[in-house]
$ cat structure.txt   # compact mmCIF, C-alpha atoms
# COMPACT_ATOMS: atom_id res chain seq x y z
CA GLN P 1 0.00 0.00 0.00
CA LEU P 2 1.40 3.37 -1.00
CA HIS P 3 2.18 5.72 1.87
CA LEU P 4 2.93 9.45 1.71
CA GLN P 5 4.35 11.37 4.66
CA GLU P 6 4.86 15.13 4.90
CA SER P 7 7.70 16.54 6.97
CA GLY P 8 8.87 20.03 7.76
CA PRO P 9 9.07 22.75 10.39
CA GLY P 10 6.37 23.18 12.97
CA LEU P 11 6.41 26.95 12.61
CA VAL P 12 7.56 29.47 9.99
CA ARG P 13 8.19 33.18 10.60
CA PRO P 14 6.58 35.80 8.35
CA ALA P 15 8.67 36.70 5.27
CA GLU P 16 10.64 33.46 5.54
CA THR P 17 10.53 30.39 3.29
CA LEU P 18 8.34 27.38 4.01
CA THR P 19 9.91 24.09 2.95
CA LEU P 20 8.11 20.76 3.12
CA THR P 21 9.11 17.30 1.94
CA CYS P 22 6.88 14.38 1.04
CA THR P 23 8.38 10.90 1.34
CA VAL P 24 6.73 8.16 -0.70
CA SER P 25 6.99 4.52 0.35
CA GLY P 26 5.35 1.19 -0.30
CA GLY P 27 4.89 1.59 -4.02
CA SER P 28 6.25 2.86 -7.29
CA PHE P 29 7.59 6.41 -7.29
CA SER P 30 9.36 6.28 -10.61
CA SER P 31 6.48 5.48 -12.93
CA ARG P 32 5.93 8.08 -15.62
CA THR P 33 2.19 7.56 -15.14
CA TYR P 34 2.13 9.40 -11.84
CA TYR P 35 2.18 13.06 -10.94
CA TRP P 36 2.86 14.39 -7.45
CA ALA P 37 1.04 17.35 -5.95
CA TRP P 38 0.76 19.73 -3.04
CA ILE P 39 -2.63 20.90 -1.76
CA ARG P 40 -3.34 23.04 1.27
CA GLN P 41 -6.26 23.79 3.55
CA PRO P 42 -6.39 26.85 5.84
CA PRO P 43 -7.99 26.09 9.21
CA GLY P 44 -11.75 25.72 8.83
CA LYS P 45 -11.65 26.38 5.07
CA GLY P 46 -11.63 24.48 1.78
CA LEU P 47 -8.93 22.88 -0.33
CA GLU P 48 -6.52 24.91 -2.47
CA TRP P 49 -4.39 23.30 -5.16
CA ILE P 50 -0.79 24.54 -5.00
CA GLY P 51 0.95 22.72 -7.83
CA THR P 52 2.21 19.49 -9.30
CA ILE P 53 5.33 17.83 -10.70
CA SER P 54 5.70 14.93 -13.07
CA TYR P 55 8.29 12.18 -12.81
CA GLY P 56 10.11 13.89 -15.64
CA GLY P 57 10.24 17.10 -13.62
CA SER P 58 7.71 19.26 -15.45
CA THR P 59 5.71 21.52 -13.14
CA ASP P 60 2.44 23.46 -13.02
CA TYR P 61 1.54 25.92 -10.33
CA ASN P 62 -1.48 27.81 -9.09
CA PRO P 63 -1.18 31.31 -10.64
CA SER P 64 -2.16 32.83 -7.30
CA LEU P 65 1.08 31.43 -5.81
CA LYS P 66 3.25 31.07 -8.90
CA SER P 67 5.71 33.85 -8.10
CA ARG P 68 6.45 32.34 -4.68
CA VAL P 69 6.27 28.57 -5.14
CA SER P 70 8.47 25.82 -6.49
CA ILE P 71 8.16 22.03 -6.42
CA SER P 72 11.09 19.70 -6.96
CA LEU P 73 11.75 15.97 -7.11
CA ASP P 74 14.48 13.75 -5.62
CA THR P 75 14.02 10.37 -7.24
CA SER P 76 16.98 8.87 -5.38
CA LYS P 77 15.14 9.38 -2.10
CA ASN P 78 11.54 8.87 -3.33
CA GLN P 79 10.75 12.41 -2.26
CA PHE P 80 9.30 15.60 -3.62
CA SER P 81 9.42 19.00 -2.00
CA LEU P 82 7.56 22.30 -1.77
CA ARG P 83 9.14 25.71 -1.29
CA LEU P 84 6.96 28.75 -0.64
CA ASN P 85 8.73 32.08 -0.30
CA SER P 86 7.84 35.24 1.58
CA VAL P 87 5.13 33.64 3.67
CA THR P 88 2.46 35.57 5.56
CA ALA P 89 -0.20 34.57 8.05
CA ALA P 90 -2.47 33.81 5.08
CA ASP P 91 -0.21 30.84 4.27
CA THR P 92 -1.07 29.16 7.57
CA ALA P 93 -2.67 25.87 6.57
CA VAL P 94 -2.57 22.11 6.68
CA TYR P 95 -0.37 21.10 3.75
CA TYR P 96 -1.06 17.79 2.03
CA CYS P 97 1.01 15.91 -0.51
CA ALA P 98 -0.83 13.62 -2.90
CA ARG P 99 -0.41 11.33 -5.90
CA ARG P 100 -2.28 11.71 -9.16
CA GLY P 101 -2.94 8.13 -10.13
CA ASP P 102 -3.94 6.25 -13.24
CA HIS P 103 -7.63 7.08 -13.24
CA GLY P 104 -9.24 10.33 -14.24
CA ARG P 105 -6.24 12.41 -13.13
CA ALA P 106 -7.64 12.27 -9.58
CA TYR P 107 -5.60 12.21 -6.36
CA ASP P 108 -5.87 8.65 -5.11
CA PHE P 109 -3.31 8.69 -2.30
CA TRP P 110 -2.78 11.49 0.21
CA GLY P 111 -0.44 12.15 3.09
CA GLN P 112 -1.96 12.75 6.51
CA GLY P 113 -1.21 16.47 6.25
CA THR P 114 0.95 18.76 8.34
CA LEU P 115 -0.15 22.02 9.94
CA VAL P 116 2.25 24.87 9.26
CA PRO P 117 1.50 28.02 11.26
CA VAL P 118 3.07 31.26 10.08
CA SER P 119 3.69 33.43 13.10
CA SER P 120 6.34 35.57 14.70
CA ASP Y 1 -9.15 29.40 -14.67
CA ILE Y 2 -12.13 27.11 -14.04
CA GLN Y 3 -14.32 27.89 -11.05
CA MET Y 4 -16.17 25.06 -9.30
CA THR Y 5 -19.37 25.81 -7.40
CA GLN Y 6 -21.04 23.29 -5.13
CA SER Y 7 -24.56 23.35 -3.77
CA PRO Y 8 -25.77 23.25 -1.17
CA SER Y 9 -22.98 24.44 1.13
CA SER Y 10 -24.47 22.33 3.88
CA VAL Y 11 -27.21 19.76 4.20
CA SER Y 12 -28.80 17.95 7.11
CA ALA Y 13 -30.07 14.42 6.63
CA SER Y 14 -30.89 11.24 8.49
CA VAL Y 15 -29.48 7.73 8.31
CA GLY Y 16 -31.14 5.97 5.39
CA ASP Y 17 -31.86 9.15 3.43
CA ARG Y 18 -30.88 9.68 -0.19
CA VAL Y 19 -28.72 12.77 -0.63
CA THR Y 20 -27.58 14.57 -3.78
CA ILE Y 21 -24.83 17.18 -3.99
CA THR Y 22 -24.35 19.30 -7.10
CA CYS Y 23 -21.16 20.70 -8.61
CA ARG Y 24 -21.06 23.18 -11.49
CA ALA Y 25 -18.01 24.12 -13.53
CA SER Y 26 -17.61 27.61 -15.01
CA GLN Y 27 -16.76 26.02 -18.37
CA GLY Y 28 -17.06 22.59 -19.90
CA ILE Y 29 -14.77 19.92 -18.47
CA SER Y 30 -16.15 16.82 -20.22
CA THR Y 31 -16.07 14.15 -17.48
CA TRP Y 32 -12.85 15.32 -15.85
CA LEU Y 33 -14.32 15.53 -12.38
CA ALA Y 34 -13.52 13.87 -9.07
CA TRP Y 35 -15.34 13.72 -5.74
CA TYR Y 36 -13.64 13.48 -2.35
CA GLN Y 37 -14.88 12.88 1.19
CA GLN Y 38 -13.13 14.53 4.13
CA LYS Y 39 -13.72 13.85 7.81
CA PRO Y 40 -12.42 16.21 10.52
CA GLY Y 41 -8.71 15.84 11.10
CA ASN Y 42 -8.24 13.55 8.10
CA ALA Y 43 -6.99 13.92 4.57
CA PRO Y 44 -9.53 13.86 1.73
CA LYS Y 45 -10.42 10.44 0.37
CA LEU Y 46 -11.13 9.83 -3.32
CA LEU Y 47 -14.66 8.52 -3.94
CA ILE Y 48 -15.37 9.06 -7.64
CA TYR Y 49 -13.14 9.82 -10.63
CA ALA Y 50 -13.99 10.61 -14.23
CA ALA Y 51 -17.38 11.88 -13.02
CA SER Y 52 -18.96 8.45 -12.53
CA SER Y 53 -16.29 5.81 -11.85
CA LEU Y 54 -16.22 4.42 -8.33
CA GLN Y 55 -12.78 4.29 -6.72
CA SER Y 56 -11.75 0.84 -5.55
CA GLY Y 57 -13.02 0.05 -2.05
CA VAL Y 58 -15.70 2.77 -2.00
CA PRO Y 59 -19.21 1.49 -1.17
CA SER Y 60 -21.65 1.23 -4.05
CA ARG Y 61 -24.14 3.56 -2.32
CA PHE Y 62 -21.96 6.38 -3.69
CA SER Y 63 -22.49 7.30 -7.31
CA GLY Y 64 -21.60 10.17 -9.60
CA SER Y 65 -23.03 11.49 -12.83
CA GLY Y 66 -22.79 14.38 -15.24
CA SER Y 67 -20.67 15.81 -18.00
CA GLY Y 68 -19.82 19.20 -19.41
CA THR Y 69 -20.57 21.69 -16.64
CA ASP Y 70 -23.07 19.97 -14.32
CA PHE Y 71 -22.32 17.05 -12.02
CA THR Y 72 -23.91 15.27 -9.09
CA LEU Y 73 -22.78 13.04 -6.26
CA THR Y 74 -25.51 10.83 -4.82
CA ILE Y 75 -25.47 8.77 -1.66
CA SER Y 76 -28.33 6.33 -1.99
CA SER Y 77 -28.83 5.41 1.67
CA LEU Y 78 -26.88 7.41 4.21
CA GLN Y 79 -24.84 5.53 6.75
CA PRO Y 80 -23.48 7.02 10.01
CA GLU Y 81 -19.94 7.07 8.61
CA ASP Y 82 -21.02 9.22 5.64
CA PHE Y 83 -21.45 12.39 7.66
CA ALA Y 84 -18.51 14.46 6.40
CA THR Y 85 -17.57 17.24 4.00
CA TYR Y 86 -17.56 16.52 0.27
CA TYR Y 87 -15.51 18.31 -2.39
CA CYS Y 88 -15.60 18.19 -6.15
CA GLN Y 89 -12.44 18.87 -8.18
CA GLN Y 90 -11.97 19.49 -11.87
CA THR Y 91 -9.11 17.53 -13.40
CA ASN Y 92 -9.55 18.93 -16.91
CA SER Y 93 -6.94 21.67 -16.90
CA PHE Y 94 -4.40 23.60 -14.84
CA PRO Y 95 -4.73 25.11 -12.35
CA ARG Y 96 -6.74 22.32 -10.79
CA SER Y 97 -9.59 23.68 -8.68
CA PHE Y 98 -11.91 22.43 -5.98
CA GLY Y 99 -15.44 23.33 -5.05
CA GLN Y 100 -15.92 25.09 -1.74
CA GLY Y 101 -17.24 21.93 -0.09
CA THR Y 102 -20.59 20.60 1.10
CA THR Y 103 -20.95 19.64 4.74
CA LEU Y 104 -23.32 16.77 5.39
CA ASP Y 105 -24.47 16.54 8.98
CA ILE Y 106 -26.99 14.62 10.99
CA LYS Y 107 -30.53 15.98 11.19

$ encode --input "structure.txt" --output "structure tokens"
Amino acid sequence: QLHLQESGPGLVRPAETLTLTCTVSGGSFSSRTYYWAWIRQPPGKGLEWIGTISYGGSTDYNPSLKSRVSISLDTSKNQFSLRLNSVTAADTAVYYCARRGDHGRAYDFWGQGTLVPVSS
Amino acid sequence: DIQMTQSPSSVSASVGDRVTITCRASQGISTWLAWYQQKPGNAPKLLIYAASSLQSGVPSRFSGSGSGTDFTLTISSLQPEDFATYYCQQTNSFPRSFGQGTTLDIK
């Protein structure tokens, strides 16, 4: 069974860079069929798509975050990462990593999520 | 960008009821639509992909339909474990977008 696990700091200061890593285990990471994504959810609110990366390294980002976000891949470690620059309190959210699977381009496996508060 | 609008935002129902949630896309997305269920403190769980295909392991009381701009998620006979928030997501184009969610609670 595929397992995704987010890791990163418990707190980020305003204007700093948020960096999260998603480690994938228990299944294939290197298949060209799959895409890997980051999605976030502010407390008490809905889901916001951040961006995605393919196994080949091509990326797409939410235009609302595009100037501040980057997603990268480390195939040697079965990991992909999110960097979000110049954070503010509005970036406080639970951050999820997820896999786009074979069917309908939907996200079939998700990490448990990690809450990242932005506060001084 | 494609906007996704769900209705209602919340609904109250009883165990055994049939419930339908609607999702409308701001432009045609063929059948590139997914439905997720989220319970408090948990990650979303995929229920339906390609508008009407049931994800493996999801009970058959869940069904999806629609194409183009209008879609529905139906739960044929509510069970206690179905009380949750439901989101639609378009998978037609980037940026991917979600509906605002529909909270299903116990009447």

$ interface_residues --input "structure.txt" --of "chain Y" --to "chain P" --cutoff "9 Å" --atoms "all atoms listed in the file" --output "MDAnalysis selection string"
chainID Y and resid 31:35 41:51 53 55 87 89:92 94:101

$ write_last_selection --input "structure.txt" --atoms "C-alpha atoms" --output "PDB file, in the coordinates of the input"
ATOM      1  CA  THR Y  31     -16.070  14.150 -17.480  1.00  0.00           C
ATOM      2  CA  TRP Y  32     -12.850  15.320 -15.850  1.00  0.00           C
ATOM      3  CA  LEU Y  33     -14.320  15.530 -12.380  1.00  0.00           C
ATOM      4  CA  ALA Y  34     -13.520  13.870  -9.070  1.00  0.00           C
ATOM      5  CA  TRP Y  35     -15.340  13.720  -5.740  1.00  0.00           C
ATOM      6  CA  GLY Y  41      -8.710  15.840  11.100  1.00  0.00           C
ATOM      7  CA  ASN Y  42      -8.240  13.550   8.100  1.00  0.00           C
ATOM      8  CA  ALA Y  43      -6.990  13.920   4.570  1.00  0.00           C
ATOM      9  CA  PRO Y  44      -9.530  13.860   1.730  1.00  0.00           C
ATOM     10  CA  LYS Y  45     -10.420  10.440   0.370  1.00  0.00           C
ATOM     11  CA  LEU Y  46     -11.130   9.830  -3.320  1.00  0.00           C
ATOM     12  CA  LEU Y  47     -14.660   8.520  -3.940  1.00  0.00           C
ATOM     13  CA  ILE Y  48     -15.370   9.060  -7.640  1.00  0.00           C
ATOM     14  CA  TYR Y  49     -13.140   9.820 -10.630  1.00  0.00           C
ATOM     15  CA  ALA Y  50     -13.990  10.610 -14.230  1.00  0.00           C
ATOM     16  CA  ALA Y  51     -17.380  11.880 -13.020  1.00  0.00           C
ATOM     17  CA  SER Y  53     -16.290   5.810 -11.850  1.00  0.00           C
ATOM     18  CA  GLN Y  55     -12.780   4.290  -6.720  1.00  0.00           C
ATOM     19  CA  TYR Y  87     -15.510  18.310  -2.390  1.00  0.00           C
ATOM     20  CA  GLN Y  89     -12.440  18.870  -8.180  1.00  0.00           C
ATOM     21  CA  GLN Y  90     -11.970  19.490 -11.870  1.00  0.00           C
ATOM     22  CA  THR Y  91      -9.110  17.530 -13.400  1.00  0.00           C
ATOM     23  CA  ASN Y  92      -9.550  18.930 -16.910  1.00  0.00           C
ATOM     24  CA  PHE Y  94      -4.400  23.600 -14.840  1.00  0.00           C
ATOM     25  CA  PRO Y  95      -4.730  25.110 -12.350  1.00  0.00           C
ATOM     26  CA  ARG Y  96      -6.740  22.320 -10.790  1.00  0.00           C
ATOM     27  CA  SER Y  97      -9.590  23.680  -8.680  1.00  0.00           C
ATOM     28  CA  PHE Y  98     -11.910  22.430  -5.980  1.00  0.00           C
ATOM     29  CA  GLY Y  99     -15.440  23.330  -5.050  1.00  0.00           C
ATOM     30  CA  GLN Y 100     -15.920  25.090  -1.740  1.00  0.00           C
ATOM     31  CA  GLY Y 101     -17.240  21.930  -0.090  1.00  0.00           C
TER      32      GLY Y 101
END

$ residues_around --input "structure.txt" --residues "Thr59 (chain P)" --least-positions-apart "5" --cutoff "10 Å" --atoms "all atoms listed in the file" --output "PyMOL selection string"
chain P and resi 35-37+51-54+70-72

$ residues_around --input "structure.txt" --residues "Thr85 (chain Y)" --least-positions-apart "2" --cutoff "6 Å" --atoms "all atoms listed in the file" --output "ChimeraX atom specification"
/Y:37-38,102-104

$ atom_distance --input "structure.txt" --atom1 "CA of Phe83 (chain Y)" --atom2 "CA of Ser14 (chain Y)"
9.5 Å

$ atom_distance --input "structure.txt" --atom1 "CA of Ile2 (chain Y)" --atom2 "CA of Gly64 (chain Y)"
19.9 Å

$ atom_distance --input "structure.txt" --atom1 "CA of Arg83 (chain P)" --atom2 "CA of Pro43 (chain P)"
20.1 Å

$ residues_around --input "structure.txt" --residues "Leu78 (chain Y)" --least-positions-apart "3" --cutoff "10 Å" --atoms "all atoms listed in the file" --output "ChimeraX atom specification"
/Y:13-19,61-62,74-75,81-83,106

$ closest_residue --input "structure.txt" --among "P:Asp74, P:Trp38, P:Ser119, P:Ala93" --to "Glu6 (chain P)" --atoms "only C-alpha atoms"
P:Trp38

$ residues_around --input "structure.txt" --residues "Val24 (chain P)" --least-positions-apart "4" --cutoff "9 Å" --atoms "all atoms listed in the file" --output "MDAnalysis selection string"
chainID P and resid 2:5 28:29 77:80

$ residues_near_point --input "structure.txt" --point "(-18.6, 24.8, -12.4)" --cutoff "6 Å" --atoms "only C-alpha atoms" --output "list of chain:residue names"
Y:Gln3, Y:Met4, Y:Thr5, Y:Arg24, Y:Ala25, Y:Ser26, Y:Thr69

$ residues_around --input "structure.txt" --residues "Phe71 (chain Y)" --least-positions-apart "3" --cutoff "7 Å" --atoms "only C-alpha atoms" --output "CSV table (one decimal) with C-alpha atoms, in the frame of the given file"
chain,number,residue,atom,x,y,z
Y,22,THR,CA,-24.4,19.3,-7.1
Y,23,CYS,CA,-21.2,20.7,-8.6
Y,24,ARG,CA,-21.1,23.2,-11.5
Y,65,SER,CA,-23.0,11.5,-12.8
Y,66,GLY,CA,-22.8,14.4,-15.2
Y,67,SER,CA,-20.7,15.8,-18.0

$ closest_residue --input "structure.txt" --among "Y:Thr20, Y:Ser10, Y:Ser56, Y:Ser30" --to "Ser77 (chain Y)" --atoms "all atoms listed in the file"
Y:Thr20

$ decode --input "structure.txt" --residues "region 83-103 of chain P" --atoms "N, CA, C and O atoms" --output "short mmCIF file (atom, residue, chain, number, x, y, z; two decimals), in the first residue's frame"
data_model
loop_
_atom_site.label_atom_id
_atom_site.label_comp_id
_atom_site.auth_asym_id
_atom_site.auth_seq_id
_atom_site.Cartn_x
_atom_site.Cartn_y
_atom_site.Cartn_z
N ARG P 83 8.57 24.49 -1.84
CA ARG P 83 9.14 25.71 -1.29
C ARG P 83 8.18 26.84 -1.57
O ARG P 83 7.76 27.05 -2.72
N LEU P 84 7.84 27.59 -0.52
CA LEU P 84 6.96 28.75 -0.64
C LEU P 84 7.65 29.93 0.02
O LEU P 84 7.90 29.91 1.23
N ASN P 85 7.96 30.93 -0.79
CA ASN P 85 8.73 32.08 -0.30
C ASN P 85 7.84 33.14 0.30
O ASN P 85 6.64 33.21 0.03
N SER P 86 8.48 34.01 1.09
CA SER P 86 7.84 35.24 1.58
C SER P 86 6.46 34.97 2.19
O SER P 86 5.47 35.59 1.81
N VAL P 87 6.42 34.05 3.11
CA VAL P 87 5.13 33.64 3.67
C VAL P 87 4.54 34.73 4.57
O VAL P 87 5.26 35.55 5.15
N THR P 88 3.21 34.71 4.65
CA THR P 88 2.46 35.57 5.56
C THR P 88 1.50 34.70 6.36
O THR P 88 1.39 33.49 6.11
N ALA P 89 0.76 35.32 7.25
CA ALA P 89 -0.20 34.57 8.05
C ALA P 89 -1.24 33.87 7.17
O ALA P 89 -1.78 32.82 7.55
N ALA P 90 -1.49 34.42 6.00
CA ALA P 90 -2.47 33.81 5.08
C ALA P 90 -2.00 32.46 4.54
O ALA P 90 -2.81 31.70 3.98
N ASP P 91 -0.74 32.14 4.72
CA ASP P 91 -0.21 30.84 4.27
C ASP P 91 -0.32 29.77 5.36
O ASP P 91 0.06 28.62 5.13
N THR P 92 -0.83 30.15 6.52
CA THR P 92 -1.07 29.16 7.57
C THR P 92 -2.12 28.17 7.09
O THR P 92 -3.23 28.55 6.70
N ALA P 93 -1.77 26.89 7.12
CA ALA P 93 -2.67 25.87 6.57
C ALA P 93 -2.16 24.48 6.93
O ALA P 93 -1.00 24.32 7.35
N VAL P 94 -3.02 23.50 6.74
CA VAL P 94 -2.57 22.11 6.68
C VAL P 94 -2.14 21.86 5.24
O VAL P 94 -2.90 22.13 4.30
N TYR P 95 -0.92 21.38 5.08
CA TYR P 95 -0.37 21.10 3.75
C TYR P 95 -0.37 19.59 3.52
O TYR P 95 0.15 18.83 4.35
N TYR P 96 -0.99 19.20 2.40
CA TYR P 96 -1.06 17.79 2.03
C TYR P 96 -0.22 17.54 0.78
O TYR P 96 -0.23 18.35 -0.16
N CYS P 97 0.45 16.39 0.75
CA CYS P 97 1.01 15.91 -0.51
C CYS P 97 0.10 14.78 -1.01
O CYS P 97 -0.58 14.10 -0.22
N ALA P 98 0.08 14.59 -2.31
CA ALA P 98 -0.83 13.62 -2.90
C ALA P 98 -0.28 13.10 -4.22
O ALA P 98 0.57 13.73 -4.85
N ARG P 99 -0.78 11.93 -4.62
CA ARG P 99 -0.41 11.33 -5.90
C ARG P 99 -1.58 11.39 -6.87
O ARG P 99 -2.71 11.04 -6.51
N ARG P 100 -1.31 11.85 -8.09
CA ARG P 100 -2.28 11.71 -9.16
C ARG P 100 -2.06 10.35 -9.79
O ARG P 100 -0.99 10.08 -10.32
N GLY P 101 -3.08 9.51 -9.68
CA GLY P 101 -2.94 8.13 -10.13
C GLY P 101 -3.31 7.92 -11.58
O GLY P 101 -3.33 8.85 -12.39
N ASP P 102 -3.67 6.68 -11.87
CA ASP P 102 -3.94 6.25 -13.24
C ASP P 102 -5.31 6.64 -13.75
O ASP P 102 -5.56 6.62 -14.95
N HIS P 103 -6.23 6.96 -12.86
CA HIS P 103 -7.63 7.08 -13.24
C HIS P 103 -8.15 8.50 -13.12
O HIS P 103 -8.20 9.07 -12.03
#
